[in-house]
>>> print(open('entry-v1.csv').read())   # CSV, N, CA and C atoms
chain,number,residue,atom,x,y,z
O,1,LEU,N,8.1,-21.7,-21.7
O,1,LEU,CA,9.4,-21.7,-21.1
O,1,LEU,C,9.3,-22.1,-19.6
O,2,VAL,N,10.2,-23.0,-19.3
O,2,VAL,CA,10.2,-23.5,-17.9
O,2,VAL,C,11.0,-22.5,-17.0
O,3,GLN,N,10.4,-22.2,-15.8
O,3,GLN,CA,11.1,-21.3,-14.9
O,3,GLN,C,12.3,-22.0,-14.3
O,4,LYS,N,13.5,-21.4,-14.4
O,4,LYS,CA,14.7,-22.0,-14.0
O,4,LYS,C,15.1,-21.6,-12.6
O,5,HIS,N,14.5,-20.5,-12.1
O,5,HIS,CA,14.9,-20.0,-10.8
O,5,HIS,C,14.3,-20.8,-9.7
O,6,LEU,N,15.0,-21.1,-8.6
O,6,LEU,CA,14.4,-21.8,-7.5
O,6,LEU,C,13.5,-20.9,-6.6
O,7,GLU,N,13.8,-19.6,-6.6
O,7,GLU,CA,13.0,-18.7,-5.9
O,7,GLU,C,12.8,-17.5,-6.8
O,8,ASP,N,11.7,-16.7,-6.4
O,8,ASP,CA,11.4,-15.5,-7.2
O,8,ASP,C,12.4,-14.5,-7.0
O,9,PRO,N,12.6,-13.6,-8.0
O,9,PRO,CA,13.5,-12.5,-7.9
O,9,PRO,C,13.2,-11.6,-6.7
O,10,LEU,N,14.1,-10.9,-6.2
O,10,LEU,CA,13.9,-10.1,-5.0
O,10,LEU,C,12.8,-9.1,-5.1
O,11,TYR,N,12.7,-8.4,-6.3
O,11,TYR,CA,11.6,-7.4,-6.5
O,11,TYR,C,10.2,-8.1,-6.4
O,12,GLN,N,10.1,-9.3,-6.8
O,12,GLN,CA,8.8,-10.0,-6.6
O,12,GLN,C,8.6,-10.4,-5.2
O,13,GLN,N,9.6,-10.8,-4.5
O,13,GLN,CA,9.5,-11.2,-3.1
O,13,GLN,C,9.1,-10.1,-2.2
O,14,VAL,N,9.5,-8.8,-2.5
O,14,VAL,CA,9.2,-7.7,-1.6
O,14,VAL,C,8.1,-6.8,-2.1
O,15,SER,N,7.4,-7.2,-3.2
O,15,SER,CA,6.4,-6.4,-3.8
O,15,SER,C,5.2,-6.0,-2.9
O,16,VAL,N,4.7,-7.0,-2.1
O,16,VAL,CA,3.6,-6.8,-1.2
O,16,VAL,C,4.0,-5.8,-0.1
O,17,GLN,N,5.2,-6.1,0.5
O,17,GLN,CA,5.7,-5.2,1.6
O,17,GLN,C,5.9,-3.8,1.0
O,18,ALA,N,6.5,-3.7,-0.2
O,18,ALA,CA,6.8,-2.4,-0.7
O,18,ALA,C,5.6,-1.6,-1.0
O,19,ILE,N,4.5,-2.2,-1.5
O,19,ILE,CA,3.3,-1.5,-1.9
O,19,ILE,C,2.6,-1.0,-0.6
O,20,SER,N,2.7,-1.8,0.5
O,20,SER,CA,2.1,-1.4,1.7
O,20,SER,C,2.8,-0.2,2.3
O,21,LEU,N,4.1,-0.1,2.3
O,21,LEU,CA,4.8,1.1,2.7
O,21,LEU,C,4.6,2.3,1.8
O,22,TYR,N,4.5,2.0,0.5
O,22,TYR,CA,4.3,3.0,-0.5
O,22,TYR,C,3.0,3.7,-0.3
O,23,GLU,N,1.9,2.9,0.0
O,23,GLU,CA,0.6,3.4,0.2
O,23,GLU,C,0.5,4.2,1.5
O,24,GLN,N,1.4,3.9,2.4
O,24,GLN,CA,1.4,4.7,3.7
O,24,GLN,C,2.2,6.0,3.6
O,25,GLY,N,2.7,6.3,2.4
O,25,GLY,CA,3.4,7.5,2.1
O,25,GLY,C,4.9,7.6,2.3
O,26,PHE,N,5.5,6.4,2.5
O,26,PHE,CA,6.9,6.3,2.7
O,26,PHE,C,7.6,6.7,1.4
O,27,LEU,N,8.8,7.3,1.4
O,27,LEU,CA,9.5,7.6,0.3
O,27,LEU,C,10.2,6.3,-0.2
O,28,LEU,N,10.6,6.3,-1.5
O,28,LEU,CA,11.2,5.1,-2.1
O,28,LEU,C,12.5,4.7,-1.4
O,29,GLY,N,13.3,5.7,-1.0
O,29,GLY,CA,14.5,5.4,-0.3
O,29,GLY,C,14.3,4.9,1.1
O,30,GLU,N,13.2,5.3,1.7
O,30,GLU,CA,12.9,4.8,3.1
O,30,GLU,C,12.4,3.3,3.0
O,31,ILE,N,11.6,3.1,1.9
O,31,ILE,CA,11.2,1.7,1.7
O,31,ILE,C,12.4,0.8,1.5
O,32,ALA,N,13.3,1.3,0.6
O,32,ALA,CA,14.5,0.5,0.3
O,32,ALA,C,15.3,0.2,1.6
O,33,ASP,N,15.4,1.2,2.4
O,33,ASP,CA,16.2,1.0,3.7
O,33,ASP,C,15.4,0.0,4.6
O,34,THR,N,14.1,0.1,4.7
O,34,THR,CA,13.3,-0.8,5.5
O,34,THR,C,13.4,-2.3,5.0
O,35,LEU,N,13.4,-2.4,3.7
O,35,LEU,CA,13.4,-3.8,3.1
O,35,LEU,C,14.8,-4.3,2.8
O,36,ASN,N,15.8,-3.4,3.1
O,36,ASN,CA,17.2,-3.7,2.9
O,36,ASN,C,17.5,-4.1,1.5
O,37,CYS,N,17.1,-3.2,0.6
O,37,CYS,CA,17.4,-3.4,-0.8
O,37,CYS,C,17.6,-2.0,-1.5
O,38,ASP,N,17.9,-2.0,-2.8
O,38,ASP,CA,18.1,-0.8,-3.5
O,38,ASP,C,16.8,-0.1,-3.9
O,39,ARG,N,16.9,1.2,-4.1
O,39,ARG,CA,15.7,2.0,-4.4
O,39,ARG,C,15.1,1.5,-5.8
O,40,ASN,N,16.0,1.1,-6.7
O,40,ASN,CA,15.5,0.6,-8.0
O,40,ASN,C,14.8,-0.7,-7.9
O,41,THR,N,15.1,-1.5,-6.9
O,41,THR,CA,14.4,-2.7,-6.6
O,41,THR,C,13.0,-2.4,-6.1
O,42,VAL,N,12.9,-1.4,-5.3
O,42,VAL,CA,11.6,-1.0,-4.8
O,42,VAL,C,10.7,-0.5,-5.9
O,43,THR,N,11.2,0.3,-6.8
O,43,THR,CA,10.5,0.8,-8.0
O,43,THR,C,10.0,-0.4,-8.8
O,44,LYS,N,10.9,-1.3,-9.1
O,44,LYS,CA,10.5,-2.5,-9.9
O,44,LYS,C,9.4,-3.3,-9.1
O,45,ALA,N,9.6,-3.4,-7.8
O,45,ALA,CA,8.6,-4.2,-7.0
O,45,ALA,C,7.2,-3.5,-7.1
O,46,ILE,N,7.2,-2.2,-7.0
O,46,ILE,CA,5.9,-1.5,-7.1
O,46,ILE,C,5.3,-1.7,-8.5
O,47,ASN,N,6.1,-1.5,-9.5
O,47,ASN,CA,5.6,-1.7,-10.8
O,47,ASN,C,5.1,-3.2,-11.0
O,48,HIS,N,5.8,-4.1,-10.5
O,48,HIS,CA,5.4,-5.5,-10.6
O,48,HIS,C,4.1,-5.8,-10.0
O,49,TRP,N,3.9,-5.2,-8.8
O,49,TRP,CA,2.7,-5.4,-8.0
O,49,TRP,C,1.5,-4.9,-8.8
O,50,HIS,N,1.6,-3.7,-9.4
O,50,HIS,CA,0.5,-3.2,-10.2
O,50,HIS,C,0.3,-4.0,-11.5
O,51,GLU,N,1.3,-4.3,-12.2
O,51,GLU,CA,1.2,-5.0,-13.5
O,51,GLU,C,0.7,-6.4,-13.3
O,52,SER,N,1.1,-7.0,-12.2
O,52,SER,CA,0.6,-8.4,-12.0
O,52,SER,C,-0.9,-8.4,-11.7
O,53,ARG,N,-1.5,-7.3,-11.4
O,53,ARG,CA,-2.9,-7.2,-11.1
O,53,ARG,C,-3.7,-6.5,-12.3
O,54,GLY,N,-3.0,-6.3,-13.4
O,54,GLY,CA,-3.6,-5.6,-14.5
O,54,GLY,C,-3.8,-4.2,-14.3
O,55,LEU,N,-3.1,-3.5,-13.4
O,55,LEU,CA,-3.2,-2.1,-13.2
O,55,LEU,C,-2.1,-1.3,-13.8
O,56,THR,N,-2.3,-0.1,-14.1
O,56,THR,CA,-1.3,0.8,-14.6
O,56,THR,C,-0.3,1.2,-13.5
O,57,ALA,N,0.9,1.0,-13.7
O,57,ALA,CA,1.9,1.4,-12.7
O,57,ALA,C,1.9,2.9,-12.5
O,58,PRO,N,2.1,3.4,-11.2
O,58,PRO,CA,2.0,4.8,-10.9
O,58,PRO,C,3.2,5.5,-11.5
O,59,ASP,N,3.0,6.8,-11.8
O,59,ASP,CA,4.0,7.7,-12.3
O,59,ASP,C,4.6,8.4,-11.1
O,60,GLY,N,5.9,8.2,-10.9
O,60,GLY,CA,6.6,8.8,-9.7
O,60,GLY,C,6.5,10.3,-9.6
O,61,ARG,N,6.4,11.0,-10.7
O,61,ARG,CA,6.3,12.5,-10.7
O,61,ARG,C,5.0,12.9,-10.1
O,62,THR,N,3.9,12.2,-10.5
O,62,THR,CA,2.6,12.5,-10.0
O,62,THR,C,2.5,12.2,-8.5
O,63,ARG,N,3.0,11.1,-8.1
O,63,ARG,CA,3.0,10.8,-6.7
O,63,ARG,C,3.8,11.8,-5.9
O,64,ARG,N,4.9,12.2,-6.4
O,64,ARG,CA,5.7,13.2,-5.6
O,64,ARG,C,4.9,14.5,-5.4
O,65,LYS,N,4.2,14.9,-6.4
O,65,LYS,CA,3.4,16.1,-6.3
O,65,LYS,C,2.3,16.0,-5.2
O,66,GLU,N,1.8,14.8,-4.9
O,66,GLU,CA,0.8,14.5,-3.9
O,66,GLU,C,1.4,14.3,-2.5
O,67,LEU,N,2.7,14.0,-2.4
O,67,LEU,CA,3.2,13.8,-1.1
O,67,LEU,C,3.4,15.0,-0.3
O,68,VAL,N,3.1,15.0,1.0
O,68,VAL,CA,3.3,16.1,1.9
O,68,VAL,C,4.8,16.3,2.1
O,69,ARG,N,5.5,15.2,2.3
O,69,ARG,CA,7.0,15.2,2.6
O,69,ARG,C,7.6,14.6,1.4
O,70,LYS,N,8.5,15.4,0.7
O,70,LYS,CA,9.0,15.0,-0.6
O,70,LYS,C,10.5,14.5,-0.5
O,71,SER,N,11.1,14.7,0.7
O,71,SER,CA,12.5,14.2,0.8
O,71,SER,C,12.6,13.8,2.3
O,72,ARG,N,13.8,13.1,2.5
O,72,ARG,CA,14.0,12.7,3.9
O,72,ARG,C,14.3,13.8,4.8
O,73,ALA,N,14.1,13.6,6.1
O,73,ALA,CA,14.3,14.7,7.1
O,73,ALA,C,15.8,15.1,7.1
O,74,LYS,N,16.0,16.4,7.3
O,74,LYS,CA,17.4,16.9,7.3
O,74,LYS,C,18.2,16.2,8.4
O,75,ASP,N,17.6,15.8,9.5
O,75,ASP,CA,18.4,15.2,10.6
O,75,ASP,C,18.9,13.8,10.1
O,76,ASN,N,18.1,13.1,9.3
O,76,ASN,CA,18.6,11.8,8.8
O,76,ASN,C,19.7,12.0,7.8
O,77,LEU,N,19.7,13.0,7.0
O,77,LEU,CA,20.7,13.2,6.0
O,77,LEU,C,22.0,13.7,6.7
O,78,ASP,N,21.9,14.5,7.8
O,78,ASP,CA,23.0,14.9,8.5
O,78,ASP,C,23.7,13.7,9.2
O,79,ALA,N,23.0,12.8,9.6
O,79,ALA,CA,23.5,11.6,10.3
O,79,ALA,C,24.3,10.7,9.2
O,80,GLN,N,23.7,10.7,8.0
O,80,GLN,CA,24.3,9.9,7.0
O,80,GLN,C,25.5,10.5,6.4
O,81,TYR,N,25.5,11.9,6.2
O,81,TYR,CA,26.6,12.6,5.6
O,81,TYR,C,27.0,13.8,6.5
O,82,PRO,N,27.8,13.4,7.6
O,82,PRO,CA,28.2,14.5,8.5
O,82,PRO,C,29.0,15.5,7.8
O,83,SER,N,28.8,16.8,8.2
O,83,SER,CA,29.6,17.9,7.6
O,83,SER,C,30.9,18.0,8.3
O,84,ASN,N,31.9,18.6,7.6
O,84,ASN,CA,33.2,18.8,8.2
O,84,ASN,C,33.2,20.2,8.9
O,85,GLU,N,32.7,20.2,10.2
O,85,GLU,CA,32.5,21.4,10.9
O,85,GLU,C,33.7,22.1,11.3
O,86,ASP,N,34.8,21.4,11.5
O,86,ASP,CA,36.1,22.0,11.9
O,86,ASP,C,36.8,22.7,10.8
O,87,GLY,N,36.3,22.6,9.6
O,87,GLY,CA,36.9,23.3,8.5
O,87,GLY,C,38.2,22.7,7.9
O,88,VAL,N,38.6,21.6,8.4
O,88,VAL,CA,39.8,20.9,8.0
O,88,VAL,C,39.4,19.9,7.0
O,89,ASP,N,40.0,19.9,5.8
O,89,ASP,CA,39.8,18.9,4.8
O,89,ASP,C,40.7,17.7,5.0
O,90,GLY,N,40.2,16.5,4.7
O,90,GLY,CA,41.0,15.3,4.7
O,90,GLY,C,41.1,14.7,6.0
>>> encode(input="entry-v1.csv", output="structure tokens")
Amino acid sequence: LVQKHLEDPLYQQVSVQAISLYEQGFLLGEIADTLNCDRNTVTKAINHWHESRGLTAPDGRTRRKELVRKSRAKDNLDAQYPSNEDGVDG
């Protein structure tokens, strides 16, 4: 089958960068923000990187158990989703 795309899909383009950040302990959402793509694209990129080298793709649940930091910092979430501190809705 002849490849019809002029360039590789995004997940293939970012796979090396994604695995580098992944191995440094960045969360998938942080990697996605850094690479300016969706978290699902990062997951696909990491899986592609492993499978293209004949390796088994990592299990996200196992990795999460090993991470020291399992979620984004509260300060980052507060900046993204400010609370309504004045108590007025709308």
>>> residues_around(input="entry-v1.csv", residues="region 45-48 of chain O", least_positions_apart="2", cutoff="8 Å", atoms="all atoms listed in the file", output="list of chain:residue names")
O:Leu10, O:Tyr11, O:Gln12, O:Gln13, O:Val14, O:Ser15, O:Val16, O:Ala18, O:Ile19, O:Arg39, O:Asn40, O:Thr41, O:Val42, O:Thr43, O:His50, O:Glu51, O:Ser52, O:Arg53, O:Gly54, O:Leu55, O:Thr56, O:Ala57, O:Pro58
>>> atom_distance(input="entry-v1.csv", atom1="CA of Asp59 (chain O)", atom2="CA of Glu7 (chain O)")
28.6 Å
>>> atom_distance(input="entry-v1.csv", atom1="CA of Lys70 (chain O)", atom2="CA of Gly25 (chain O)")
9.7 Å
>>> atom_distance(input="entry-v1.csv", atom1="CA of Asp38 (chain O)", atom2="CA of Phe26 (chain O)")
14.6 Å
